[in-house]
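Okay, input38.pdb is below, PDB, C-alpha atoms:
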```
ATOM      1  CA  MET N  15      25.804  -0.669  11.343  1.00  0.00           C
ATOM      2  CA  GLY N  16      23.129  -0.019  13.934  1.00  0.00           C
ATOM      3  CA  ARG N  17      19.901   1.681  14.775  1.00  0.00           C
ATOM      4  CA  SER N  18      18.247   3.526  17.603  1.00  0.00           C
ATOM      5  CA  LYS N  19      14.727   3.141  18.951  1.00  0.00           C
ATOM      6  CA  ALA N  20      12.458   6.143  18.498  1.00  0.00           C
ATOM      7  CA  LYS N  21       9.030   7.223  17.336  1.00  0.00           C
ATOM      8  CA  TYR N  22       9.051   8.540  13.790  1.00  0.00           C
ATOM      9  CA  GLU N  23       6.834  11.016  11.965  1.00  0.00           C
ATOM     10  CA  LEU N  24       7.023  10.402   8.223  1.00  0.00           C
ATOM     11  CA  GLY N  25       6.060  12.738   5.417  1.00  0.00           C
ATOM     12  CA  HIS N  26       4.216  11.278   2.420  1.00  0.00           C
ATOM     13  CA  SER N  27       7.261  11.311   0.104  1.00  0.00           C
ATOM     14  CA  HIS N  28       9.514   9.785   2.751  1.00  0.00           C
ATOM     15  CA  LEU N  29       6.988   7.029   3.408  1.00  0.00           C
ATOM     16  CA  GLU N  30       6.732   6.188  -0.290  1.00  0.00           C
ATOM     17  CA  ARG N  31      10.498   5.971  -0.646  1.00  0.00           C
ATOM     18  CA  LEU N  32      10.730   3.640   2.346  1.00  0.00           C
ATOM     19  CA  VAL N  33       8.138   1.358   0.761  1.00  0.00           C
ATOM     20  CA  HIS N  34      10.237   1.207  -2.414  1.00  0.00           C
ATOM     21  CA  TYR N  35      13.359   0.356  -0.396  1.00  0.00           C
ATOM     22  CA  PHE N  36      11.476  -2.311   1.537  1.00  0.00           C
ATOM     23  CA  HIS N  37      10.026  -3.917  -1.575  1.00  0.00           C
ATOM     24  CA  PHE N  38      13.384  -3.985  -3.339  1.00  0.00           C
ATOM     25  CA  LEU N  39      15.312  -5.365  -0.374  1.00  0.00           C
ATOM     26  CA  SER N  40      12.715  -7.958   0.602  1.00  0.00           C
ATOM     27  CA  GLU N  41      12.677  -9.232  -2.982  1.00  0.00           C
ATOM     28  CA  GLN N  42      16.460  -9.420  -2.969  1.00  0.00           C
ATOM     29  CA  SER N  43      16.320 -11.256   0.352  1.00  0.00           C
ATOM     30  CA  ASP N  44      13.849 -13.737  -1.105  1.00  0.00           C
ATOM     31  CA  LEU N  45      16.322 -14.383  -3.885  1.00  0.00           C
ATOM     32  CA  ARG N  46      19.154 -14.748  -1.341  1.00  0.00           C
ATOM     33  CA  LYS N  47      21.205 -11.916  -2.761  1.00  0.00           C
ATOM     34  CA  ALA N  48      23.911  -9.889  -0.973  1.00  0.00           C
ATOM     35  CA  ALA N  49      23.610  -9.318   2.777  1.00  0.00           C
ATOM     36  CA  THR N  50      24.558  -5.647   2.425  1.00  0.00           C
ATOM     37  CA  VAL N  51      23.296  -2.840   0.237  1.00  0.00           C
ATOM     38  CA  SER N  52      24.734   0.576  -0.558  1.00  0.00           C
ATOM     39  CA  SER N  53      22.905   3.877  -0.574  1.00  0.00           C
ATOM     40  CA  ARG N  54      23.806   4.181  -4.253  1.00  0.00           C
ATOM     41  CA  GLU N  55      21.980   0.939  -5.087  1.00  0.00           C
ATOM     42  CA  LEU N  56      18.860   2.149  -3.319  1.00  0.00           C
ATOM     43  CA  ALA N  57      19.131   5.595  -4.918  1.00  0.00           C
ATOM     44  CA  GLN N  58      19.091   4.021  -8.370  1.00  0.00           C
ATOM     45  CA  LEU N  59      15.598   2.676  -7.656  1.00  0.00           C
ATOM     46  CA  LEU N  60      14.130   6.170  -7.674  1.00  0.00           C
ATOM     47  CA  ALA N  61      16.714   7.920  -9.846  1.00  0.00           C
ATOM     48  CA  MET N  62      17.790  10.234  -7.044  1.00  0.00           C
ATOM     49  CA  ASP N  63      20.894  11.234  -5.139  1.00  0.00           C
ATOM     50  CA  ASP N  64      22.187   8.686  -2.643  1.00  0.00           C
ATOM     51  CA  THR N  65      22.407  11.455  -0.035  1.00  0.00           C
ATOM     52  CA  GLN N  66      18.601  11.297   0.195  1.00  0.00           C
ATOM     53  CA  VAL N  67      18.755   7.573   0.908  1.00  0.00           C
ATOM     54  CA  ARG N  68      21.169   8.127   3.774  1.00  0.00           C
ATOM     55  CA  LYS N  69      18.888  10.829   5.191  1.00  0.00           C
ATOM     56  CA  ASP N  70      15.832   8.604   4.853  1.00  0.00           C
ATOM     57  CA  LEU N  71      17.455   5.698   6.670  1.00  0.00           C
ATOM     58  CA  ALA N  72      19.099   7.864   9.333  1.00  0.00           C
ATOM     59  CA  ALA N  73      15.662   9.366  10.056  1.00  0.00           C
ATOM     60  CA  ILE N  74      14.380   5.916  11.067  1.00  0.00           C
ATOM     61  CA  GLY N  75      17.457   5.098  13.102  1.00  0.00           C
ATOM     62  CA  VAL N  76      19.497   3.085  10.579  1.00  0.00           C
ATOM     63  CA  ARG N  77      23.148   3.935   9.972  1.00  0.00           C
ATOM     64  CA  GLY N  78      25.524   2.225   7.630  1.00  0.00           C
ATOM     65  CA  VAL N  79      29.276   1.685   7.608  1.00  0.00           C
ATOM     66  CA  PRO N  80      31.484   3.657   5.184  1.00  0.00           C
ATOM     67  CA  ARG N  81      32.607   1.559   2.198  1.00  0.00           C
ATOM     68  CA  VAL N  82      30.485  -1.338   3.482  1.00  0.00           C
ATOM     69  CA  GLY N  83      26.934  -0.073   3.300  1.00  0.00           C
ATOM     70  CA  TYR N  84      23.870  -1.185   5.205  1.00  0.00           C
ATOM     71  CA  SER N  85      22.800  -4.554   6.490  1.00  0.00           C
ATOM     72  CA  ALA N  86      19.890  -5.441   4.192  1.00  0.00           C
ATOM     73  CA  SER N  87      18.114  -7.374   6.942  1.00  0.00           C
ATOM     74  CA  GLU N  88      18.500  -4.460   9.358  1.00  0.00           C
ATOM     75  CA  VAL N  89      17.023  -2.002   6.862  1.00  0.00           C
ATOM     76  CA  ILE N  90      14.120  -4.379   6.142  1.00  0.00           C
ATOM     77  CA  GLU N  91      13.396  -4.853   9.831  1.00  0.00           C
ATOM     78  CA  ALA N  92      13.594  -1.142  10.603  1.00  0.00           C
ATOM     79  CA  ILE N  93      11.184  -0.236   7.810  1.00  0.00           C
ATOM     80  CA  ARG N  94       8.911  -3.123   8.777  1.00  0.00           C
ATOM     81  CA  GLU N  95       8.662  -1.785  12.337  1.00  0.00           C
ATOM     82  CA  VAL N  96       8.306   1.888  11.436  1.00  0.00           C
ATOM     83  CA  LEU N  97       5.579   1.268   8.850  1.00  0.00           C
ATOM     84  CA  GLY N  98       3.814  -1.343  10.944  1.00  0.00           C
ATOM     85  CA  PHE N  99       4.445  -4.264   8.584  1.00  0.00           C
ATOM     86  CA  ASP N 100       5.558  -6.350  11.573  1.00  0.00           C
ATOM     87  CA  LYS N 101       1.989  -6.391  12.918  1.00  0.00           C
ATOM     88  CA  ILE N 102      -1.125  -8.029  11.533  1.00  0.00           C
ATOM     89  CA  HIS N 103      -3.708  -5.571  10.197  1.00  0.00           C
ATOM     90  CA  LYS N 104      -7.045  -7.274   9.726  1.00  0.00           C
ATOM     91  CA  ALA N 105      -9.068  -5.981   6.799  1.00  0.00           C
ATOM     92  CA  ILE N 106     -12.333  -6.611   5.024  1.00  0.00           C
ATOM     93  CA  LEU N 107     -12.765  -6.302   1.271  1.00  0.00           C
ATOM     94  CA  VAL N 108     -16.094  -5.035  -0.051  1.00  0.00           C
ATOM     95  CA  GLY N 109     -16.783  -5.927  -3.672  1.00  0.00           C
ATOM     96  CA  ALA N 110     -16.186  -9.363  -5.189  1.00  0.00           C
ATOM     97  CA  GLY N 111     -16.171  -8.313  -8.832  1.00  0.00           C
ATOM     98  CA  ARG N 112     -13.156  -8.604 -11.118  1.00  0.00           C
ATOM     99  CA  LEU N 113     -11.081  -6.027  -9.244  1.00  0.00           C
ATOM    100  CA  GLY N 114     -12.165  -7.216  -5.810  1.00  0.00           C
ATOM    101  CA  GLY N 115     -11.545 -10.822  -6.795  1.00  0.00           C
ATOM    102  CA  ALA N 116      -8.050  -9.954  -8.005  1.00  0.00           C
ATOM    103  CA  LEU N 117      -7.282  -8.126  -4.753  1.00  0.00           C
ATOM    104  CA  ALA N 118      -8.645 -11.043  -2.728  1.00  0.00           C
ATOM    105  CA  ALA N 119      -6.402 -13.484  -4.605  1.00  0.00           C
ATOM    106  CA  TYR N 120      -3.228 -11.393  -4.234  1.00  0.00           C
ATOM    107  CA  ARG N 121      -0.864 -13.168  -1.847  1.00  0.00           C
ATOM    108  CA  GLY N 122       1.670 -10.351  -1.547  1.00  0.00           C
ATOM    109  CA  PHE N 123      -0.323  -8.453   1.094  1.00  0.00           C
ATOM    110  CA  VAL N 124       0.911 -10.733   3.860  1.00  0.00           C
ATOM    111  CA  LYS N 125       4.431  -9.329   3.512  1.00  0.00           C
ATOM    112  CA  TYR N 126       3.008  -5.960   4.467  1.00  0.00           C
ATOM    113  CA  GLY N 127       1.038  -7.238   7.459  1.00  0.00           C
ATOM    114  CA  LEU N 128      -2.380  -7.142   5.759  1.00  0.00           C
ATOM    115  CA  ARG N 129      -4.756 -10.039   6.316  1.00  0.00           C
ATOM    116  CA  ILE N 130      -8.184 -10.066   4.697  1.00  0.00           C
ATOM    117  CA  VAL N 131     -10.690 -11.705   7.056  1.00  0.00           C
ATOM    118  CA  GLY N 132     -13.826 -11.280   4.972  1.00  0.00           C
ATOM    119  CA  LEU N 133     -14.983 -10.595   1.419  1.00  0.00           C
ATOM    120  CA  PHE N 134     -18.416  -9.011   0.843  1.00  0.00           C
ATOM    121  CA  ASP N 135     -20.815  -8.670  -2.053  1.00  0.00           C
ATOM    122  CA  ASP N 136     -24.502  -8.113  -2.790  1.00  0.00           C
ATOM    123  CA  ASP N 137     -24.673 -10.688  -5.587  1.00  0.00           C
ATOM    124  CA  PRO N 138     -26.627 -13.731  -4.307  1.00  0.00           C
ATOM    125  CA  GLY N 139     -24.694 -15.870  -6.781  1.00  0.00           C
ATOM    126  CA  LYS N 140     -21.418 -14.990  -5.025  1.00  0.00           C
ATOM    127  CA  VAL N 141     -22.524 -14.935  -1.395  1.00  0.00           C
ATOM    128  CA  GLY N 142     -21.599 -18.187   0.309  1.00  0.00           C
ATOM    129  CA  THR N 143     -18.887 -19.041  -2.224  1.00  0.00           C
ATOM    130  CA  THR N 144     -15.114 -18.706  -1.897  1.00  0.00           C
ATOM    131  CA  ILE N 145     -13.147 -16.240  -4.048  1.00  0.00           C
ATOM    132  CA  GLY N 146      -9.383 -15.924  -3.819  1.00  0.00           C
ATOM    133  CA  GLY N 147      -9.439 -18.203  -0.796  1.00  0.00           C
ATOM    134  CA  HIS N 148     -11.894 -15.964   1.079  1.00  0.00           C
ATOM    135  CA  PHE N 149     -15.490 -16.710   2.047  1.00  0.00           C
ATOM    136  CA  VAL N 150     -17.952 -14.242   0.511  1.00  0.00           C
ATOM    137  CA  TYR N 151     -20.417 -12.726   2.978  1.00  0.00           C
ATOM    138  CA  SER N 152     -23.487 -10.674   2.214  1.00  0.00           C
ATOM    139  CA  THR N 153     -22.908  -6.939   2.739  1.00  0.00           C
ATOM    140  CA  GLY N 154     -25.693  -7.166   5.289  1.00  0.00           C
ATOM    141  CA  GLU N 155     -23.177  -8.890   7.560  1.00  0.00           C
ATOM    142  CA  LEU N 156     -20.572  -6.103   7.405  1.00  0.00           C
ATOM    143  CA  GLU N 157     -21.044  -4.810  10.932  1.00  0.00           C
ATOM    144  CA  THR N 158     -21.134  -8.294  12.463  1.00  0.00           C
ATOM    145  CA  VAL N 159     -17.866  -9.411  10.846  1.00  0.00           C
ATOM    146  CA  ILE N 160     -16.141  -6.102  11.639  1.00  0.00           C
ATOM    147  CA  THR N 161     -17.095  -6.326  15.311  1.00  0.00           C
ATOM    148  CA  ARG N 162     -16.335 -10.051  15.636  1.00  0.00           C
ATOM    149  CA  ASN N 163     -12.830  -9.669  14.170  1.00  0.00           C
ATOM    150  CA  GLN N 164     -12.084  -6.182  15.568  1.00  0.00           C
ATOM    151  CA  VAL N 165     -11.333  -4.934  12.054  1.00  0.00           C
ATOM    152  CA  ARG N 166     -10.119  -1.358  11.577  1.00  0.00           C
ATOM    153  CA  LEU N 167      -9.262  -1.380   7.868  1.00  0.00           C
ATOM    154  CA  ALA N 168     -11.609  -1.762   4.894  1.00  0.00           C
ATOM    155  CA  ILE N 169     -10.921  -2.034   1.173  1.00  0.00           C
ATOM    156  CA  LEU N 170     -13.636  -0.768  -1.181  1.00  0.00           C
ATOM    157  CA  ALA N 171     -13.802  -2.165  -4.713  1.00  0.00           C
ATOM    158  CA  VAL N 172     -17.362  -1.248  -5.644  1.00  0.00           C
ATOM    159  CA  PRO N 173     -19.041   1.084  -8.191  1.00  0.00           C
ATOM    160  CA  ALA N 174     -18.948   4.832  -7.470  1.00  0.00           C
ATOM    161  CA  GLU N 175     -22.628   5.060  -6.589  1.00  0.00           C
ATOM    162  CA  ALA N 176     -22.218   2.531  -3.756  1.00  0.00           C
ATOM    163  CA  CYS N 177     -19.025   3.914  -2.216  1.00  0.00           C
ATOM    164  CA  GLN N 178     -20.271   6.692   0.050  1.00  0.00           C
ATOM    165  CA  ASP N 179     -23.132   4.743   1.631  1.00  0.00           C
ATOM    166  CA  LEU N 180     -20.785   1.844   2.329  1.00  0.00           C
ATOM    167  CA  ALA N 181     -18.132   4.190   3.710  1.00  0.00           C
ATOM    168  CA  ASP N 182     -20.707   5.665   6.103  1.00  0.00           C
ATOM    169  CA  ARG N 183     -21.622   2.176   7.332  1.00  0.00           C
ATOM    170  CA  LEU N 184     -17.975   1.219   7.722  1.00  0.00           C
ATOM    171  CA  VAL N 185     -17.180   4.312   9.781  1.00  0.00           C
ATOM    172  CA  ARG N 186     -20.176   3.737  12.054  1.00  0.00           C
ATOM    173  CA  ALA N 187     -19.008   0.134  12.524  1.00  0.00           C
ATOM    174  CA  GLY N 188     -15.603   1.297  13.773  1.00  0.00           C
ATOM    175  CA  ILE N 189     -13.445   1.309  10.631  1.00  0.00           C
ATOM    176  CA  SER N 190     -10.698   3.935  10.879  1.00  0.00           C
ATOM    177  CA  GLY N 191      -8.899   3.351   7.566  1.00  0.00           C
ATOM    178  CA  ILE N 192     -10.389   2.926   4.074  1.00  0.00           C
ATOM    179  CA  TRP N 193      -8.482   1.930   0.943  1.00  0.00           C
ATOM    180  CA  ASN N 194     -10.830   3.088  -1.784  1.00  0.00           C
ATOM    181  CA  PHE N 195     -10.572   1.668  -5.297  1.00  0.00           C
ATOM    182  CA  GLY N 196     -13.961   3.082  -6.286  1.00  0.00           C
ATOM    183  CA  PRO N 197     -13.905   5.920  -8.859  1.00  0.00           C
ATOM    184  CA  THR N 198     -15.095   8.575  -6.425  1.00  0.00           C
ATOM    185  CA  THR N 199     -13.883  10.658  -3.493  1.00  0.00           C
ATOM    186  CA  LEU N 200     -15.260   9.806  -0.063  1.00  0.00           C
ATOM    187  CA  THR N 201     -16.360  12.161   2.687  1.00  0.00           C
ATOM    188  CA  VAL N 202     -15.381  10.818   6.112  1.00  0.00           C
ATOM    189  CA  PRO N 203     -14.747  12.202   9.628  1.00  0.00           C
ATOM    190  CA  PRO N 204     -11.290  13.715  10.326  1.00  0.00           C
ATOM    191  CA  ASN N 205     -10.229  10.703  12.386  1.00  0.00           C
ATOM    192  CA  VAL N 206     -10.693   8.298   9.447  1.00  0.00           C
ATOM    193  CA  VAL N 207      -7.834   7.925   6.953  1.00  0.00           C
ATOM    194  CA  VAL N 208      -8.724   7.331   3.314  1.00  0.00           C
ATOM    195  CA  ARG N 209      -6.384   6.328   0.514  1.00  0.00           C
ATOM    196  CA  HIS N 210      -7.956   6.831  -2.915  1.00  0.00           C
ATOM    197  CA  GLU N 211      -6.659   4.718  -5.791  1.00  0.00           C
ATOM    198  CA  HIS N 212      -8.051   6.491  -8.843  1.00  0.00           C
ATOM    199  CA  ILE N 213      -6.920   4.166 -11.615  1.00  0.00           C
ATOM    200  CA  VAL N 214      -8.073   6.563 -14.336  1.00  0.00           C
ATOM    201  CA  VAL N 215      -5.785   9.265 -12.929  1.00  0.00           C
ATOM    202  CA  GLY N 216      -2.804   7.037 -13.646  1.00  0.00           C
ATOM    203  CA  LEU N 217      -4.158   6.386 -17.139  1.00  0.00           C
ATOM    204  CA  ALA N 218      -4.639  10.124 -17.695  1.00  0.00           C
ATOM    205  CA  GLU N 219      -1.025  10.822 -16.702  1.00  0.00           C
ATOM    206  CA  LEU N 220       0.242   8.185 -19.131  1.00  0.00           C
ATOM    207  CA  ALA N 221      -2.010   9.429 -21.925  1.00  0.00           C
ATOM    208  CA  TYR N 222      -0.860  13.010 -21.325  1.00  0.00           C
ATOM    209  CA  HIS N 223       2.821  12.098 -21.556  1.00  0.00           C
ATOM    210  CA  LEU N 224       2.239  10.026 -24.676  1.00  0.00           C
ATOM    211  CA  GLN N 225       0.435  12.961 -26.247  1.00  0.00           C
ATOM    212  CA  ARG N 226       3.292  15.329 -25.362  1.00  0.00           C
ATOM    213  CA  GLU N 227       5.773  12.851 -26.820  1.00  0.00           C
ATOM    214  CA  ARG N 228       3.778  12.739 -30.059  1.00  0.00           C
ATOM    215  CA  GLU N 229       3.603  16.543 -30.256  1.00  0.00           C
ATOM    216  CA  ASP N 230       7.353  16.872 -29.660  1.00  0.00           C
ATOM    217  CA  ALA N 231       8.045  14.378 -32.422  1.00  0.00           C
ATOM    218  CA  ASP N 232       5.629  16.039 -34.845  1.00  0.00           C
ATOM    219  CA  PRO N 233       5.375  19.844 -34.389  1.00  0.00           C
ATOM    220  CA  ALA N 234       2.658  19.942 -37.067  1.00  0.00           C
ATOM    221  CA  ALA N 235       0.355  18.027 -34.726  1.00  0.00           C
ATOM    222  CA  GLN N 236       0.320  20.917 -32.229  1.00  0.00           C
TER     223      GLN N 236
END
```
Could you render the structure from this file as structure tokens?
Amino acid sequence: MGRSKAKYELGHSHLERLVHYFHFLSEQSDLRKAATVSSRELAQLLAMDDTQVRKDLAAIGVRGVPRVGYSASEVIEAIREVLGFDKIHKAILVGAGRLGGALAAYRGFVKYGLRIVGLFDDDPGKVGTTIGGHFVYSTGELETVITRNQVRLAILAVPAEACQDLADRLVRAGISGIWNFGPTTLTVPPNVVVRHEHIVVGLAELAYHLQREREDADPAAQ
């Protein structure tokens, strides 16, 4: 078992698979399970061939031992380094409603190197309070907090009509990555990365498959 140091360029699918491996192995580590893991065990996570697992891990410099497998801690550490989970990424969260409050209270982000340094809202009843362990600032203080903490990542959990204006302010303030939970698509400069989490898209996919299942079970419904 061993790994080599290199700079890696990951495709979207490869990145997602690595996150699944990391989550699974770190949970197993928390539970003090086996020190080694096989490619077959990891392949079962995503219902795929274990050859893909070996390719994924080899691409980030991790190689196992035949009939032994991989060191779980080595795989975790390699993925942590490649994906940047070993560094602290300061973030601000805009929107202290139900979704924003839930995100603010989630303690699992720390495992992935994310640290929220400020929560923002326009509601005077929330400004100055603490939600999820985070002080709530007025959105008028966005630029000040971003500059003071050298923040590069922002999480948006606000209504659609507020998203673009806030995104424009965030970009001007120096934000280079936006995790958008608002139900709209943002327009940003090419150097700014945006990840859209359209919750209704996931619901639509589920509803579609349920509808297909119903039609397959009852041809008369078609």
- Task: Just say which residues the PyMOL selection byres ((chain N and resi 114-118) around 12) picks in this file, as a PyMOL selection string.
- Result: chain N and resi 105-113+119-124+128-135+140+143-150+169-173+193-196
- Task: Provide the CA of Asp136 in chain N to CA of Gly188 in chain N distance in Å, to one decimal place.
- Result: 21.0 Å
- Message: So that I can see what lies close to Val89 in chain N, please list as a PyMOL selection string the residues with an atom at most 12 Å from it, counting all atoms listed in the file and leaving out residues fewer than 6 positions away in the same chain.
- Response: chain N and resi 15-17+32-40+43+49-53+56+67-68+70-78+83+95-96
- Separation of CA of Ser152 in chain N from CA of Val206 in chain N, in Å and rounded to one decimal: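 Calculated distance between CA of Ser152 in chain N and CA of Val206 in chain N is 24.0 Å.
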- What gap, in Å, lies between CA of Ser85 in chain N and CA of Thr65 in chain N?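 Atom-to-atom, CA of Ser85 in chain N and CA of Thr65 in chain N are spaced 17.3 Å apart.
Minimum distance to Asp100 in chain N across N:Tyr126, N:Glu211, N:Leu184, N:Gly154 (counting only C-alpha atoms) occurs at N:Tyr126.
Candidate residues N:Thr161, N:Gln42, N:Ser27, N:Ser87 were compared for distance to Gln66 in chain N, and the nearest is N:Ser27, using all atoms listed in the file.
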- Query: So which one's closest to Pro203 in chain N, N:Leu220, N:Ala181, N:Ala231, N:Val141? Using all atoms listed in the file, please.
  - Reply: N:Ala181
- Excluding Arg166 in chain N and residues on its chain fewer than 6 positions from it, collect all residues at most 8 Å away from it, counting only C-alpha atoms, and give them as a list of chain:residue names.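 With the cut-off at 8 Å, the set is N:His103, N:Lys104, N:Ala105, N:Ile160, N:Gly188, N:Ile189, N:Ser190, N:Gly191.
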- Message: Ranking N:Ile102, N:Val208, N:Leu156, N:Ile213 by minimum distance to Arg183 in chain N and counting all atoms listed in the file, which one comes first?
- Response: N:Leu156
Could N, CA, C and O atoms be built for range 131-150 of chain N and written out as a PDB file, in the frame of the given file?
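So out.pdb came out as:
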```pdb
ATOM      1  N   VAL N 131      -9.928 -10.746   6.259  1.00  0.00           N
ATOM      2  CA  VAL N 131     -10.690 -11.705   7.056  1.00  0.00           C
ATOM      3  C   VAL N 131     -12.117 -11.872   6.546  1.00  0.00           C
ATOM      4  O   VAL N 131     -12.877 -12.680   7.103  1.00  0.00           O
ATOM      5  N   GLY N 132     -12.487 -11.133   5.521  1.00  0.00           N
ATOM      6  CA  GLY N 132     -13.826 -11.280   4.972  1.00  0.00           C
ATOM      7  C   GLY N 132     -13.983 -10.553   3.657  1.00  0.00           C
ATOM      8  O   GLY N 132     -13.463  -9.445   3.488  1.00  0.00           O
ATOM      9  N   LEU N 133     -14.678 -11.182   2.723  1.00  0.00           N
ATOM     10  CA  LEU N 133     -14.983 -10.595   1.419  1.00  0.00           C
ATOM     11  C   LEU N 133     -16.499 -10.446   1.339  1.00  0.00           C
ATOM     12  O   LEU N 133     -17.238 -11.356   1.737  1.00  0.00           O
ATOM     13  N   PHE N 134     -16.979  -9.304   0.831  1.00  0.00           N
ATOM     14  CA  PHE N 134     -18.416  -9.011   0.843  1.00  0.00           C
ATOM     15  C   PHE N 134     -18.936  -8.636  -0.542  1.00  0.00           C
ATOM     16  O   PHE N 134     -18.237  -7.979  -1.322  1.00  0.00           O
ATOM     17  N   ASP N 135     -20.179  -9.034  -0.785  1.00  0.00           N
ATOM     18  CA  ASP N 135     -20.815  -8.670  -2.053  1.00  0.00           C
ATOM     19  C   ASP N 135     -22.327  -8.782  -1.900  1.00  0.00           C
ATOM     20  O   ASP N 135     -22.827  -9.485  -1.016  1.00  0.00           O
ATOM     21  N   ASP N 136     -23.035  -8.077  -2.792  1.00  0.00           N
ATOM     22  CA  ASP N 136     -24.502  -8.113  -2.790  1.00  0.00           C
ATOM     23  C   ASP N 136     -25.060  -9.181  -3.720  1.00  0.00           C
ATOM     24  O   ASP N 136     -26.252  -9.485  -3.667  1.00  0.00           O
ATOM     25  N   ASP N 137     -24.222  -9.716  -4.595  1.00  0.00           N
ATOM     26  CA  ASP N 137     -24.673 -10.688  -5.587  1.00  0.00           C
ATOM     27  C   ASP N 137     -24.992 -12.027  -4.910  1.00  0.00           C
ATOM     28  O   ASP N 137     -24.086 -12.684  -4.388  1.00  0.00           O
ATOM     29  N   PRO N 138     -26.260 -12.451  -4.935  1.00  0.00           N
ATOM     30  CA  PRO N 138     -26.627 -13.731  -4.307  1.00  0.00           C
ATOM     31  C   PRO N 138     -25.862 -14.917  -4.892  1.00  0.00           C
ATOM     32  O   PRO N 138     -25.655 -15.927  -4.208  1.00  0.00           O
ATOM     33  N   GLY N 139     -25.438 -14.784  -6.153  1.00  0.00           N
ATOM     34  CA  GLY N 139     -24.694 -15.870  -6.781  1.00  0.00           C
ATOM     35  C   GLY N 139     -23.274 -16.010  -6.249  1.00  0.00           C
ATOM     36  O   GLY N 139     -22.629 -17.044  -6.449  1.00  0.00           O
ATOM     37  N   LYS N 140     -22.776 -14.960  -5.577  1.00  0.00           N
ATOM     38  CA  LYS N 140     -21.418 -14.990  -5.025  1.00  0.00           C
ATOM     39  C   LYS N 140     -21.409 -15.239  -3.523  1.00  0.00           C
ATOM     40  O   LYS N 140     -20.473 -15.826  -2.989  1.00  0.00           O
ATOM     41  N   VAL N 141     -22.448 -14.764  -2.844  1.00  0.00           N
ATOM     42  CA  VAL N 141     -22.524 -14.935  -1.395  1.00  0.00           C
ATOM     43  C   VAL N 141     -22.538 -16.422  -1.047  1.00  0.00           C
ATOM     44  O   VAL N 141     -23.272 -17.220  -1.634  1.00  0.00           O
ATOM     45  N   GLY N 142     -21.685 -16.796  -0.101  1.00  0.00           N
ATOM     46  CA  GLY N 142     -21.599 -18.187   0.309  1.00  0.00           C
ATOM     47  C   GLY N 142     -20.553 -18.984  -0.438  1.00  0.00           C
ATOM     48  O   GLY N 142     -20.255 -20.120  -0.072  1.00  0.00           O
ATOM     49  N   THR N 143     -19.947 -18.363  -1.477  1.00  0.00           N
ATOM     50  CA  THR N 143     -18.887 -19.041  -2.224  1.00  0.00           C
ATOM     51  C   THR N 143     -17.532 -18.595  -1.677  1.00  0.00           C
ATOM     52  O   THR N 143     -17.451 -17.799  -0.739  1.00  0.00           O
ATOM     53  N   THR N 144     -16.475 -19.096  -2.270  1.00  0.00           N
ATOM     54  CA  THR N 144     -15.114 -18.706  -1.897  1.00  0.00           C
ATOM     55  C   THR N 144     -14.421 -18.113  -3.115  1.00  0.00           C
ATOM     56  O   THR N 144     -14.410 -18.724  -4.186  1.00  0.00           O
ATOM     57  N   ILE N 145     -13.861 -16.921  -2.967  1.00  0.00           N
ATOM     58  CA  ILE N 145     -13.147 -16.240  -4.048  1.00  0.00           C
ATOM     59  C   ILE N 145     -11.772 -15.844  -3.531  1.00  0.00           C
ATOM     60  O   ILE N 145     -11.652 -15.190  -2.491  1.00  0.00           O
ATOM     61  N   GLY N 146     -10.741 -16.257  -4.244  1.00  0.00           N
ATOM     62  CA  GLY N 146      -9.383 -15.924  -3.819  1.00  0.00           C
ATOM     63  C   GLY N 146      -9.039 -16.497  -2.458  1.00  0.00           C
ATOM     64  O   GLY N 146      -8.216 -15.937  -1.741  1.00  0.00           O
ATOM     65  N   GLY N 147      -9.699 -17.595  -2.091  1.00  0.00           N
ATOM     66  CA  GLY N 147      -9.439 -18.203  -0.796  1.00  0.00           C
ATOM     67  C   GLY N 147     -10.215 -17.586   0.350  1.00  0.00           C
ATOM     68  O   GLY N 147     -10.010 -17.952   1.516  1.00  0.00           O
ATOM     69  N   HIS N 148     -11.130 -16.653   0.045  1.00  0.00           N
ATOM     70  CA  HIS N 148     -11.894 -15.964   1.079  1.00  0.00           C
ATOM     71  C   HIS N 148     -13.388 -16.231   0.926  1.00  0.00           C
ATOM     72  O   HIS N 148     -13.931 -16.154  -0.179  1.00  0.00           O
ATOM     73  N   PHE N 149     -14.051 -16.505   2.041  1.00  0.00           N
ATOM     74  CA  PHE N 149     -15.490 -16.710   2.047  1.00  0.00           C
ATOM     75  C   PHE N 149     -16.193 -15.395   1.730  1.00  0.00           C
ATOM     76  O   PHE N 149     -15.802 -14.337   2.240  1.00  0.00           O
ATOM     77  N   VAL N 150     -17.211 -15.448   0.886  1.00  0.00           N
ATOM     78  CA  VAL N 150     -17.952 -14.242   0.511  1.00  0.00           C
ATOM     79  C   VAL N 150     -19.207 -14.104   1.366  1.00  0.00           C
ATOM     80  O   VAL N 150     -20.111 -14.948   1.319  1.00  0.00           O
TER      81      VAL N 150
END
```
